[in-house]
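A short write-up of the structure that comes next.
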Amino acid sequence: MVAFGKKLKDRQIQEWQGYYINYKLMKKKVKQYDNQIKAGSLDRRHVLKDFSRMLDNQIERIVLFMLEQQGLLASRISDLNKQQESLQEQPDISKIIELRESYRDVGRDLLKLLFFVEINAIGLRKILKKFDKRFGYRFTDYYVKTRANHPYSQLQQVFKHVGLGAVVGAISRNLADLQDRQGSYLSIYDQPSLPLQDSVVDSLQAAVDRLSHSTNFLNFLAQHALIMQEEFPTPVEEQVDDQRYHFMSLILNLANTFLYMVNTYIIVPTADDYSMSLGAAATVCGIVIGAMAVAQIFSSVYFSAWSNRSYFRPLVFSSIVLFVGNIMYALAYDLKSIPVLLIGRIFCGLGSARAVNRRYISDCVPLKIRMQASAGFVSASALGMACGPALAGLLQTNFKIYKLTFNQDTLPGWLMAFAWLVYLIWLWISFREPATETEVNTSPQEPANNENDVLENGITQPLLLKVEDNQQDDENDQEYDESEEAPEESRRPANSIAEAYRLLTPSVKVQLLIYFMLKYAMEVLLSESSVVTTYYFSWSTGTVAIFLACLGLTVLPINVVVGSYISNMFEDRQILLVSEIMVFLGILGSFHIVSPYTVPQYVCSGLIMFVAAEVLEGVNLSLLSRVMSSRLSRGTYNGGLLSTEAGTFARVIADVTITLAGYLGQSKLLNVTLLPSLLICLASIIATCYTYNSLY
């Protein structure tokens, strides 16, 4: 793994080299402190004082240079504004074009400054984190709080960049005023939603968004999808994305995600009734529902590998297999065959192309809209989860055509088979296979060494989110020198599950345990809902469908609240721990201890557990996307695959638990299935407390 010091040096703007944070010096100083403390020649109070002073000096040099450059940019904009005023009296098309290009030049220089600030913010965060890890302090919390809350704070200039935002606004407004708007006299302030078609402004906005330390709803949803990105993508990769991207192909991937989630949950309200109609126990519904998840464990791997070579063929194969699987699921009723029913669901699981959908967004969607596409992936999944049970509630009919039965048990299969057939035709007509990376790289393109193009594209990369928390770099404590490993080695993807597992740090393993726990708890709640509610409350299929649909509809509103508000008020690890505790309380409240077991108890406890699990999933995947090794951002065995496998394995175990608990009788089903959820949740809380106490 290449040390951060080398990456920092490679990314520096040459003429500004003397003003960057001296990461190499500070790293050596931390090591020197450690040796002196062990030798007894230095006490810890002196270390804290000396290191704080060194950080203050580093930040002061950065901030003063930033303010100097900011003033130069403001002066240039002021001069251009005077030229613009004179042109309003005597318009000249050639001078207007020249003026617009001058504003763009200022914008490109501002991109350099934003790039400068972001690189220094990364270095500052990493050296603070390294100091905490080396000495076991919470020095970061102390330093940030004392400096950021001071009225003369220089640290705020690095992380809040209010002045830079004003310069961005000035450039955007003036470029908008110079843009041809067919006689409109409105400014960007009158119509803030009106897009400004200018690449420099787009790059500036992307840079500011990346530099911002707070989270917004869209970014929260994008991280929820766990579509990982690399630490330092190159501008050439952005060009590759633009050439491979096709809007309709993206829509088809999102549609595939939506239909698959509908297919997963449309049978949940009727699975117990279907099992009994074929002569099996109601609790066999656990195996019926879980058969799809069992197959998905294997399909995720081969679809992920297949997507290295093609996206179109895996999606075609997925659609055909899902079509066949749903036909078999529907025919099992007239054939009176549980094996056919289970094989049909296994086929559906073998058609799970979610790994392809994630991979398409990760590899083919340009960086400037990848966050929106990732949020669309999560939204499509949430909508499918809500629509599945809702559709099941509408299919309450019973008729025959020839010898085929169409009722509440078989109609989900027939409906989804028809949906996948329509999707297959649409896919065949509209999908465009992206060019391979080799084809794109050999196509004619402009040289990549133009400094302005590098800045305009490179500044939009996810430096702050990915580099600052990459614990692989932190664990590699080697000193930087010119003979370090080549950057290509740090980008090499994992070649096996075992190698990917070795790249996981303890904190990542805890995040995966949390993901396993919440998926297990949610699967128990959803899969056994029809059996439990029928036994205790005599609910009809329609009532169960409404209950499940209402749970699914909470997903997006909860993500809005967490992504837009809660995540800006509290640290992720605080939200993580509170959410785990709420899941624990929700599970605890669902136990049948006191008779009678009431609808309010079941609904309220289930809602608390489900909502808390949704919050937990979003925050957990957000943290996971930051701390996972950059080598897991590409290849077959990527971070998305690992999280999918953890969640799918949890669902399989939950569904098997439901079926096995059914042998003890329906009266004991609820408590027996909730007990493992409670224990796993408790274990995850303990692991979280231990891990974050040791890290922070």
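Each chain in the structure tokens gets a letter, A, B and so on, in the order shown; residues start at 1 in every chain, and ligands are counted from 1 in the order they appear.
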
#### Entry: Residues within 7 Å of Tyr265 (chain A), only C-alpha atoms, excluding chain neighbours under 3 positions, as a list in words
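Once the nearby chain positions are removed, what remains is Met261, Val262, Val268, Met385, Gly388 and Pro389 of chain A.
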
For the selection you just gave me, I'd like the residues written to a file as a PDB file, in the first residue's frame, keeping N, CA, C and O atoms.
ATOM      1  N   MET A 261     -36.590  -6.491  -6.383  1.00  0.00           N
ATOM      2  CA  MET A 261     -37.090  -6.296  -5.019  1.00  0.00           C
ATOM      3  C   MET A 261     -38.590  -6.572  -4.930  1.00  0.00           C
ATOM      4  O   MET A 261     -39.072  -7.130  -3.935  1.00  0.00           O
ATOM      5  N   VAL A 262     -39.344  -6.187  -5.957  1.00  0.00           N
ATOM      6  CA  VAL A 262     -40.769  -6.542  -6.005  1.00  0.00           C
ATOM      7  C   VAL A 262     -40.908  -8.054  -5.993  1.00  0.00           C
ATOM      8  O   VAL A 262     -41.726  -8.627  -5.253  1.00  0.00           O
ATOM      9  N   VAL A 268     -44.330 -12.631   0.118  1.00  0.00           N
ATOM     10  CA  VAL A 268     -44.262 -12.720   1.585  1.00  0.00           C
ATOM     11  C   VAL A 268     -45.645 -12.819   2.238  1.00  0.00           C
ATOM     12  O   VAL A 268     -45.846 -13.666   3.125  1.00  0.00           O
ATOM     13  N   MET A 385     -39.444  -2.764  -2.509  1.00  0.00           N
ATOM     14  CA  MET A 385     -39.765  -3.411  -1.236  1.00  0.00           C
ATOM     15  C   MET A 385     -41.170  -3.063  -0.770  1.00  0.00           C
ATOM     16  O   MET A 385     -41.872  -3.886  -0.171  1.00  0.00           O
ATOM     17  N   GLY A 388     -43.967  -4.598  -3.583  1.00  0.00           N
ATOM     18  CA  GLY A 388     -44.180  -6.043  -3.596  1.00  0.00           C
ATOM     19  C   GLY A 388     -45.361  -6.487  -2.747  1.00  0.00           C
ATOM     20  O   GLY A 388     -46.341  -7.059  -3.269  1.00  0.00           O
ATOM     21  N   PRO A 389     -45.345  -6.228  -1.439  1.00  0.00           N
ATOM     22  CA  PRO A 389     -46.495  -6.609  -0.599  1.00  0.00           C
ATOM     23  C   PRO A 389     -47.783  -5.899  -1.001  1.00  0.00           C
ATOM     24  O   PRO A 389     -48.876  -6.484  -0.902  1.00  0.00           O
TER      25      PRO A 389
END

### Query
Can you list, as an MDAnalysis selection string, every protein, DNA or RNA residue that comes within 8 Å of Ile21 (chain A) when you count only C-alpha atoms, leaving out same-chain residues fewer than 4 positions away?
chainID A and resid 58:59 62 120 123:124

### Query
Which polymer residues have any atom within 10 Å of an atom of Val288 (chain A), counting only C-alpha atoms, with same-chain residues fewer than 2 positions away left out, as a list in words?
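Selected residues are Ile267, Val268, Ala271, Asp272, Tyr274, Ser275, Thr283, Val284, Cys285, Gly286, Gly290, Ala291, Met292, Ala293, Tyr329, Ile338, Pro339, Leu341, Leu342, Ile343, Gly344, Arg345, Ile346, Ser527, Asp655, Val656 and Thr659 of chain A.
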
### Query
Which residue out of A:Gly552, A:Glu15, A:Ile119, A:Trp306 has the minimum interatomic distance to Ser381 (chain A) when only C-alpha atoms are used?
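Once distances to Ser381 (chain A) are computed over only C-alpha atoms, the minimum belongs to A:Gly552.
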
### Message
Report as a PyMOL selection string all protein, DNA and RNA residues lying within 9 Å of region 244-258 of chain A, evaluated on only C-alpha atoms, omitting residues in the same chain fewer than 5 positions from it.
### Response
chain A and resi 239+263+315+319+352-354+356-358+360-361+363-366+373+376-385+420+423+426-427+430-437+440

#### Entry: Test item: residues at most 10 Å from Arg573 (chain A), only C-alpha atoms, excluding those fewer than 5 positions along its chain, as a list of chain:residue names
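That gives A:Val578, A:Ser579, A:Val619, A:Asn620, A:Leu623, A:Thr688, A:Cys689, A:Tyr692.
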
### Task
List every residue of region 359-434 of chain A that DSSP, applied to the backbone of this structure, assigns to strand (DSSP E), and report them as a list in words.
Asn398, Phe399, Lys400, Ile401, Leu404, Thr405, Phe406 and Asn407 of chain A

### Task
Fewer than 6 positions away in the same chain doesn't count, so skip those; otherwise give me all residues within 10 Å of Leu642 (chain A), counting only C-alpha atoms, as number ranges by chain.
A: 300-301, 497, 500-501, 512, 632, 648

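Relative to CA of Glu617 (chain A), CA of Tyr597 (chain A) is found at 28.9 Å.
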
#### Entry: Given only C-alpha atoms as the counted atoms, nearest of A:Gln84, A:Ser318, A:Ser52, A:Ser590 to Val524 (chain A)
A:Ser590

With only C-alpha atoms as the counted atoms, please give the residues lying no more than 10 Å from Ile171 (chain A), apart from itself and same-chain residues fewer than 3 positions off, as a short mmCIF file (atom, residue, chain, number, x, y, z; two decimals) with N, CA, C and O atoms, in the first residue's frame.
data_model
loop_
_atom_site.label_atom_id
_atom_site.label_comp_id
_atom_site.auth_asym_id
_atom_site.auth_seq_id
_atom_site.Cartn_x
_atom_site.Cartn_y
_atom_site.Cartn_z
N ALA A 74 -10.44 37.55 -6.01
CA ALA A 74 -11.49 38.56 -5.84
C ALA A 74 -11.15 39.83 -6.61
O ALA A 74 -12.02 40.47 -7.23
N ILE A 77 -11.82 39.24 -10.29
CA ILE A 77 -13.27 39.27 -10.56
C ILE A 77 -13.77 40.71 -10.56
O ILE A 77 -14.61 41.09 -11.39
N ARG A 100 -16.26 36.08 -20.98
CA ARG A 100 -16.71 34.80 -20.40
C ARG A 100 -15.52 33.87 -20.21
O ARG A 100 -15.41 33.17 -19.19
N TYR A 103 -13.61 34.88 -17.16
CA TYR A 103 -14.25 34.39 -15.93
C TYR A 103 -13.94 32.89 -15.73
O TYR A 103 -13.72 32.43 -14.61
N ARG A 104 -13.95 32.15 -16.83
CA ARG A 104 -13.63 30.73 -16.72
C ARG A 104 -12.20 30.51 -16.26
O ARG A 104 -11.91 29.58 -15.50
N VAL A 106 -10.57 32.45 -14.27
CA VAL A 106 -10.59 32.66 -12.82
C VAL A 106 -11.16 31.42 -12.13
O VAL A 106 -10.66 30.98 -11.08
N GLY A 107 -12.20 30.84 -12.73
CA GLY A 107 -12.79 29.62 -12.16
C GLY A 107 -11.80 28.47 -12.11
O GLY A 107 -11.75 27.72 -11.13
N LEU A 110 -9.52 29.05 -9.35
CA LEU A 110 -10.22 28.76 -8.10
C LEU A 110 -10.25 27.25 -7.84
O LEU A 110 -10.16 26.79 -6.69
N ALA A 166 -18.10 32.31 -1.53
CA ALA A 166 -18.50 33.60 -2.09
C ALA A 166 -17.86 33.83 -3.45
O ALA A 166 -18.50 34.36 -4.38
N VAL A 167 -16.61 33.40 -3.62
CA VAL A 167 -15.94 33.54 -4.92
C VAL A 167 -16.61 32.65 -5.96
O VAL A 167 -16.81 33.05 -7.12
N VAL A 168 -16.96 31.43 -5.56
CA VAL A 168 -17.68 30.52 -6.46
C VAL A 168 -18.99 31.17 -6.90
O VAL A 168 -19.37 31.14 -8.09
N ASN A 174 -21.85 35.76 -12.59
CA ASN A 174 -21.42 36.54 -13.75
C ASN A 174 -21.43 35.72 -15.03
O ASN A 174 -21.79 36.24 -16.09
N LEU A 175 -21.07 34.46 -14.94
CA LEU A 175 -21.16 33.61 -16.13
C LEU A 175 -22.61 33.42 -16.55
O LEU A 175 -22.93 33.37 -17.74
N ALA A 176 -23.50 33.32 -15.56
CA ALA A 176 -24.92 33.19 -15.88
C ALA A 176 -25.46 34.45 -16.54
O ALA A 176 -26.26 34.39 -17.48
N ASP A 177 -25.01 35.61 -16.06
CA ASP A 177 -25.46 36.88 -16.65
C ASP A 177 -24.99 37.02 -18.09
O ASP A 177 -25.68 37.63 -18.92
N VAL A 200 -17.06 24.73 -16.25
CA VAL A 200 -16.27 25.26 -15.14
C VAL A 200 -17.13 25.39 -13.88
O VAL A 200 -16.72 25.03 -12.78
N VAL A 201 -18.36 25.92 -14.05
CA VAL A 201 -19.27 26.07 -12.91
C VAL A 201 -19.64 24.70 -12.35
O VAL A 201 -19.70 24.51 -11.12
N LEU A 204 -16.72 23.53 -10.34
CA LEU A 204 -16.63 24.28 -9.08
C LEU A 204 -17.64 23.77 -8.07
O LEU A 204 -17.33 23.57 -6.89
#

### CA of Met276 (chain A) to CA of Ala330 (chain A), straight-line distance in Å
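Interatomic distance, CA of Ala330 (chain A) to CA of Met276 (chain A): 15.0 Å.
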
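The gap separating CA of Gly351 (chain A) from CA of Leu424 (chain A) is 12.6 Å, in Å to one decimal.
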
### Task
Select, from A:Leu513, A:Val316, A:Val422, A:Thr140, the residue with the minimum atom-to-atom distance to Lys126 (chain A), counting only C-alpha atoms.
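So, comparing all the options, the nearest one is A:Thr140.
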